[in-house]
>>> print(open('run.cif').read())   # mmCIF, C-alpha atoms
data_run
loop_
_atom_site.group_PDB
_atom_site.id
_atom_site.type_symbol
_atom_site.label_atom_id
_atom_site.label_comp_id
_atom_site.auth_asym_id
_atom_site.auth_seq_id
_atom_site.Cartn_x
_atom_site.Cartn_y
_atom_site.Cartn_z
ATOM 1 C CA MET A 210 -11.098 15.409 -48.796
ATOM 2 C CA PRO A 211 -11.496 15.901 -52.547
ATOM 3 C CA ALA A 212 -10.857 19.411 -53.775
ATOM 4 C CA LEU A 213 -14.114 19.552 -55.721
ATOM 5 C CA LEU A 214 -16.132 19.913 -52.525
ATOM 6 C CA ALA A 215 -14.347 22.918 -51.049
ATOM 7 C CA PRO A 216 -15.290 26.337 -52.505
ATOM 8 C CA ARG A 217 -17.871 26.875 -55.216
ATOM 9 C CA GLU A 218 -15.234 28.108 -57.643
ATOM 10 C CA ARG A 219 -13.727 24.635 -57.954
ATOM 11 C CA CYS A 220 -16.751 23.192 -59.723
ATOM 12 C CA ALA A 221 -15.724 23.655 -63.343
ATOM 13 C CA VAL A 222 -18.192 21.197 -64.854
ATOM 14 C CA THR A 223 -21.541 22.626 -65.853
ATOM 15 C CA PRO A 224 -24.792 20.653 -65.742
ATOM 16 C CA GLU A 225 -25.074 20.824 -69.525
ATOM 17 C CA ASP A 226 -21.649 19.118 -69.878
ATOM 18 C CA THR A 227 -22.430 16.284 -67.486
ATOM 19 C CA PRO A 228 -24.898 13.453 -68.050
ATOM 20 C CA HIS A 229 -27.349 12.987 -65.218
ATOM 21 C CA PRO A 230 -25.940 10.213 -62.963
ATOM 22 C CA LEU A 231 -29.031 9.865 -60.778
ATOM 23 C CA ALA A 232 -32.023 8.375 -62.506
ATOM 24 C CA SER A 233 -34.288 9.232 -59.561
ATOM 25 C CA ALA A 234 -33.593 13.011 -59.576
ATOM 26 C CA PRO A 235 -35.543 15.139 -62.055
ATOM 27 C CA LEU A 236 -33.349 16.359 -64.901
ATOM 28 C CA LEU A 237 -34.734 19.900 -64.689
ATOM 29 C CA GLN A 238 -33.764 20.156 -61.014
ATOM 30 C CA TRP A 239 -30.340 18.694 -61.834
ATOM 31 C CA ARG A 240 -29.680 21.286 -64.528
ATOM 32 C CA GLN A 241 -30.650 24.164 -62.239
ATOM 33 C CA HIS A 242 -28.047 23.203 -59.642
ATOM 34 C CA PRO A 243 -24.751 25.060 -60.101
ATOM 35 C CA CYS A 244 -22.502 22.061 -59.353
ATOM 36 C CA PRO A 245 -23.760 18.614 -60.403
ATOM 37 C CA LEU A 246 -20.675 16.884 -58.977
ATOM 38 C CA LEU A 247 -21.402 18.307 -55.530
ATOM 39 C CA MET A 248 -25.056 17.335 -55.829
ATOM 40 C CA ALA A 249 -24.136 13.758 -56.781
ATOM 41 C CA GLU A 250 -21.719 13.524 -53.851
ATOM 42 C CA PHE A 251 -24.368 14.979 -51.526
ATOM 43 C CA ASP A 252 -26.901 12.359 -52.629
ATOM 44 C CA ARG A 253 -24.350 9.565 -52.202
ATOM 45 C CA VAL A 254 -23.267 10.512 -48.659
ATOM 46 C CA ALA A 255 -26.881 11.208 -47.642
ATOM 47 C CA GLU A 256 -27.603 7.587 -48.553
ATOM 48 C CA ASP A 257 -24.420 6.261 -46.896
ATOM 49 C CA VAL A 258 -24.955 8.129 -43.623
ATOM 50 C CA ARG A 259 -28.196 6.179 -43.126
ATOM 51 C CA LYS A 260 -26.144 2.964 -43.009
ATOM 52 C CA LEU A 261 -23.919 3.867 -40.045
ATOM 53 C CA LYS A 262 -23.062 0.971 -37.731
ATOM 54 C CA ARG A 263 -23.781 3.071 -34.634
ATOM 55 C CA ARG A 264 -26.135 5.959 -34.028
ATOM 56 C CA PRO A 265 -24.340 9.330 -33.803
ATOM 57 C CA ASP A 266 -24.936 11.416 -30.676
ATOM 58 C CA ASP A 267 -27.756 13.953 -30.622
ATOM 59 C CA ALA A 268 -25.524 16.975 -31.316
ATOM 60 C CA GLU A 269 -24.096 15.307 -34.434
ATOM 61 C CA LEU A 270 -27.547 14.321 -35.659
ATOM 62 C CA LYS A 271 -28.921 17.827 -35.124
ATOM 63 C CA GLU A 272 -26.029 19.398 -37.029
ATOM 64 C CA LEU A 273 -26.493 16.929 -39.886
ATOM 65 C CA TYR A 274 -30.252 17.548 -39.917
ATOM 66 C CA GLY A 275 -29.837 21.339 -40.010
ATOM 67 C CA LEU A 276 -27.329 21.153 -42.859
ATOM 68 C CA TYR A 277 -29.538 18.725 -44.810
ATOM 69 C CA LYS A 278 -32.621 20.941 -44.527
ATOM 70 C CA GLN A 279 -30.615 24.043 -45.449
ATOM 71 C CA SER A 280 -29.188 22.192 -48.468
ATOM 72 C CA VAL A 281 -32.529 20.960 -49.747
ATOM 73 C CA ILE A 282 -34.946 23.753 -48.793
ATOM 74 C CA GLY A 283 -32.838 26.779 -47.858
ATOM 75 C CA ASP A 284 -33.620 29.163 -45.014
ATOM 76 C CA ILE A 285 -36.144 27.909 -42.500
ATOM 77 C CA ASP A 286 -39.682 28.739 -43.561
ATOM 78 C CA ILE A 287 -41.766 27.386 -40.675
ATOM 79 C CA GLU A 288 -42.679 28.685 -37.228
ATOM 80 C CA CYS A 289 -40.974 27.296 -34.145
ATOM 81 C CA PRO A 290 -42.966 24.310 -32.800
ATOM 82 C CA ALA A 291 -44.776 24.466 -29.471
ATOM 83 C CA MET A 292 -42.717 24.249 -26.301
ATOM 84 C CA LEU A 293 -43.968 20.733 -25.524
ATOM 85 C CA ASP A 294 -42.819 19.382 -28.905
ATOM 86 C CA LEU A 295 -39.221 18.808 -27.775
ATOM 87 C CA LYS A 296 -38.136 16.824 -30.828
ATOM 88 C CA GLY A 297 -39.715 19.292 -33.263
ATOM 89 C CA LYS A 298 -38.194 22.228 -31.409
ATOM 90 C CA ALA A 299 -34.714 20.619 -31.453
ATOM 91 C CA LYS A 300 -35.006 20.046 -35.223
ATOM 92 C CA TRP A 301 -36.241 23.594 -35.771
ATOM 93 C CA GLU A 302 -33.324 25.030 -33.762
ATOM 94 C CA ALA A 303 -30.787 22.883 -35.673
ATOM 95 C CA TRP A 304 -32.152 24.135 -39.001
ATOM 96 C CA ASN A 305 -32.447 27.723 -37.795
ATOM 97 C CA LEU A 306 -28.732 27.718 -36.863
ATOM 98 C CA GLN A 307 -27.926 27.279 -40.568
ATOM 99 C CA LYS A 308 -30.061 30.254 -41.640
ATOM 100 C CA GLY A 309 -28.276 32.482 -44.151
ATOM 101 C CA LEU A 310 -25.968 29.727 -45.427
ATOM 102 C CA SER A 311 -26.309 29.203 -49.179
ATOM 103 C CA LYS A 312 -27.682 25.863 -50.342
ATOM 104 C CA GLU A 313 -24.386 24.990 -52.003
ATOM 105 C CA ASP A 314 -22.297 25.867 -48.936
ATOM 106 C CA ALA A 315 -24.689 23.901 -46.726
ATOM 107 C CA MET A 316 -24.433 20.957 -49.111
ATOM 108 C CA SER A 317 -20.642 21.071 -48.971
ATOM 109 C CA ALA A 318 -20.701 21.280 -45.156
ATOM 110 C CA TYR A 319 -23.174 18.368 -45.045
ATOM 111 C CA VAL A 320 -20.863 16.226 -47.188
ATOM 112 C CA SER A 321 -17.925 17.016 -44.903
ATOM 113 C CA LYS A 322 -19.903 16.238 -41.722
ATOM 114 C CA ALA A 323 -21.371 13.050 -43.195
ATOM 115 C CA ARG A 324 -17.904 11.847 -44.230
ATOM 116 C CA GLU A 325 -16.650 12.591 -40.713
ATOM 117 C CA LEU A 326 -19.474 10.492 -39.231
ATOM 118 C CA ILE A 327 -18.923 7.666 -41.729
ATOM 119 C CA GLU A 328 -15.255 7.584 -40.798
ATOM 120 C CA LYS A 329 -16.067 7.736 -37.066
ATOM 121 C CA TYR A 330 -18.883 5.155 -36.952
ATOM 122 C CA GLY A 331 -18.326 3.092 -40.106
ATOM 123 C CA ILE A 332 -20.923 1.741 -42.532
#
>>> encode(input="run.cif", output="structure tokens")
Amino acid sequence: MPALLAPRERCAVTPEDTPHPLASAPLLQWRQHPCPLLMAEFDRVAEDVRKLKRRPDDAELKELYGLYKQSVIGDIDIECPAMLDLKGKAKWEAWNLQKGLSKEDAMSAYVSKARELIEKYGI
């Protein structure tokens, strides 16, 4: 695993020093993120994980979902779905488990989990 994705302190490049590698992401949002290299890696593995040869099991998908939502939005900001909405409730619980994790730490954990799944299932 590359060292740049471990702790926040290892990201020495600032957004102002780095040209924006993703034409689809707004430049303002890019500059507000504390580690553009982590954000670029996050976007890349988020795209790659959609190309897995086999579907991960439900527990792996829920963990990935919770980390993704925490990375993009932050702490859960919606009410728990109704008891009969099993899929919605499972997603809510997966996201709620990540509550309190910083966006950057969640992003780093997402990258690690996605890489693990890519290695396990292939793309």
>>> closest_residue(input="run.cif", among="A:Gln279, A:Glu328, A:Ala249, A:Lys260", to="Asn305 (chain A)", atoms="all atoms listed in the file")
A:Gln279
>>> atom_distance(input="run.cif", atom1="CA of Leu326 (chain A)", atom2="CA of Lys298 (chain A)")
23.4 Å
>>> atom_distance(input="run.cif", atom1="CA of Val254 (chain A)", atom2="CA of Ile285 (chain A)")
22.5 Å
>>> atom_distance(input="run.cif", atom1="CA of Ile327 (chain A)", atom2="CA of Leu261 (chain A)")
6.5 Å
>>> closest_residue(input="run.cif", among="A:Gly275, A:Pro290, A:Gly283, A:Gly297", to="Tyr319 (chain A)", atoms="all atoms listed in the file")
A:Gly275
>>> decode(input="run.cif", residues="region 245-256 of chain A", atoms="all heavy atoms", output="mmCIF file, in the first residue's frame")
data_model
loop_
_atom_site.group_PDB
_atom_site.id
_atom_site.type_symbol
_atom_site.label_atom_id
_atom_site.label_comp_id
_atom_site.auth_asym_id
_atom_site.auth_seq_id
_atom_site.Cartn_x
_atom_site.Cartn_y
_atom_site.Cartn_z
ATOM 1 N N PRO A 245 -5.155 16.443 -2.248
ATOM 2 C CA PRO A 245 -5.632 16.146 -3.592
ATOM 3 C C PRO A 245 -5.173 14.774 -4.096
ATOM 4 O O PRO A 245 -5.865 14.155 -4.899
ATOM 5 C CB PRO A 245 -5.052 17.266 -4.442
ATOM 6 C CG PRO A 245 -3.912 17.799 -3.659
ATOM 7 C CD PRO A 245 -4.264 17.593 -2.215
ATOM 8 N N LEU A 246 -4.027 14.291 -3.632
ATOM 9 C CA LEU A 246 -3.576 12.970 -4.068
ATOM 10 C C LEU A 246 -4.502 11.880 -3.542
ATOM 11 O O LEU A 246 -4.826 10.932 -4.253
ATOM 12 C CB LEU A 246 -2.137 12.719 -3.616
ATOM 13 C CG LEU A 246 -1.094 13.672 -4.184
ATOM 14 C CD1 LEU A 246 0.266 13.386 -3.579
ATOM 15 C CD2 LEU A 246 -1.043 13.562 -5.692
ATOM 16 N N LEU A 247 -4.940 12.017 -2.308
ATOM 17 C CA LEU A 247 -5.882 11.061 -1.729
ATOM 18 C C LEU A 247 -7.218 11.135 -2.457
ATOM 19 O O LEU A 247 -7.828 10.098 -2.761
ATOM 20 C CB LEU A 247 -6.067 11.332 -0.237
ATOM 21 C CG LEU A 247 -7.085 10.447 0.487
ATOM 22 C CD1 LEU A 247 -6.713 8.970 0.366
ATOM 23 C CD2 LEU A 247 -7.177 10.852 1.948
ATOM 24 N N MET A 248 -7.661 12.332 -2.756
ATOM 25 C CA MET A 248 -8.935 12.498 -3.460
ATOM 26 C C MET A 248 -8.873 11.869 -4.851
ATOM 27 O O MET A 248 -9.817 11.200 -5.272
ATOM 28 C CB MET A 248 -9.295 13.972 -3.568
ATOM 29 C CG MET A 248 -10.653 14.211 -4.132
ATOM 30 S SD MET A 248 -11.057 15.956 -4.024
ATOM 31 C CE MET A 248 -12.679 15.937 -4.735
ATOM 32 N N ALA A 249 -7.773 12.042 -5.552
ATOM 33 C CA ALA A 249 -7.619 11.449 -6.882
ATOM 34 C C ALA A 249 -7.605 9.926 -6.791
ATOM 35 O O ALA A 249 -8.235 9.236 -7.609
ATOM 36 C CB ALA A 249 -6.333 11.950 -7.537
ATOM 37 N N GLU A 250 -6.928 9.393 -5.809
ATOM 38 C CA GLU A 250 -6.890 7.939 -5.606
ATOM 39 C C GLU A 250 -8.274 7.413 -5.240
ATOM 40 O O GLU A 250 -8.706 6.358 -5.706
ATOM 41 C CB GLU A 250 -5.867 7.573 -4.527
ATOM 42 C CG GLU A 250 -5.712 6.101 -4.298
ATOM 43 C CD GLU A 250 -5.112 5.341 -5.468
ATOM 44 O OE1 GLU A 250 -4.612 5.964 -6.420
ATOM 45 O OE2 GLU A 250 -5.161 4.106 -5.434
ATOM 46 N N PHE A 251 -8.988 8.144 -4.398
ATOM 47 C CA PHE A 251 -10.348 7.783 -4.009
ATOM 48 C C PHE A 251 -11.250 7.701 -5.242
ATOM 49 O O PHE A 251 -11.982 6.724 -5.425
ATOM 50 C CB PHE A 251 -10.882 8.814 -3.014
ATOM 51 C CG PHE A 251 -12.332 8.635 -2.650
ATOM 52 C CD1 PHE A 251 -12.703 7.703 -1.692
ATOM 53 C CD2 PHE A 251 -13.310 9.407 -3.244
ATOM 54 C CE1 PHE A 251 -14.033 7.540 -1.345
ATOM 55 C CE2 PHE A 251 -14.636 9.259 -2.902
ATOM 56 C CZ PHE A 251 -15.007 8.325 -1.947
ATOM 57 N N ASP A 252 -11.186 8.717 -6.089
ATOM 58 C CA ASP A 252 -12.009 8.731 -7.302
ATOM 59 C C ASP A 252 -11.655 7.567 -8.220
ATOM 60 O O ASP A 252 -12.540 6.940 -8.812
ATOM 61 C CB ASP A 252 -11.840 10.052 -8.051
ATOM 62 C CG ASP A 252 -12.470 11.229 -7.320
ATOM 63 O OD1 ASP A 252 -13.353 11.001 -6.466
ATOM 64 O OD2 ASP A 252 -12.068 12.372 -7.588
ATOM 65 N N ARG A 253 -10.366 7.252 -8.327
ATOM 66 C CA ARG A 253 -9.928 6.171 -9.205
ATOM 67 C C ARG A 253 -10.425 4.812 -8.705
ATOM 68 O O ARG A 253 -10.999 4.043 -9.472
ATOM 69 C CB ARG A 253 -8.408 6.153 -9.320
ATOM 70 C CG ARG A 253 -7.895 5.172 -10.379
ATOM 71 C CD ARG A 253 -6.384 5.113 -10.440
ATOM 72 N NE ARG A 253 -5.787 4.575 -9.221
ATOM 73 C CZ ARG A 253 -5.809 3.280 -8.879
ATOM 74 N NH1 ARG A 253 -6.411 2.409 -9.640
ATOM 75 N NH2 ARG A 253 -5.240 2.877 -7.763
ATOM 76 N N VAL A 254 -10.250 4.521 -7.406
ATOM 77 C CA VAL A 254 -10.683 3.212 -6.904
ATOM 78 C C VAL A 254 -12.199 3.112 -6.834
ATOM 79 O O VAL A 254 -12.754 2.022 -6.996
ATOM 80 C CB VAL A 254 -10.035 2.833 -5.546
ATOM 81 C CG1 VAL A 254 -8.545 2.705 -5.666
ATOM 82 C CG2 VAL A 254 -10.450 3.733 -4.431
ATOM 83 N N ALA A 255 -12.890 4.245 -6.633
ATOM 84 C CA ALA A 255 -14.354 4.229 -6.646
ATOM 85 C C ALA A 255 -14.853 3.817 -8.035
ATOM 86 O O ALA A 255 -15.856 3.100 -8.154
ATOM 87 C CB ALA A 255 -14.911 5.595 -6.259
ATOM 88 N N GLU A 256 -14.154 4.238 -9.057
ATOM 89 C CA GLU A 256 -14.499 3.840 -10.426
ATOM 90 C C GLU A 256 -14.127 2.369 -10.666
ATOM 91 O O GLU A 256 -14.898 1.604 -11.228
ATOM 92 C CB GLU A 256 -13.759 4.751 -11.408
ATOM 93 C CG GLU A 256 -14.251 4.686 -12.820
ATOM 94 C CD GLU A 256 -15.660 5.218 -12.986
ATOM 95 O OE1 GLU A 256 -16.067 6.153 -12.280
ATOM 96 O OE2 GLU A 256 -16.373 4.670 -13.838
#
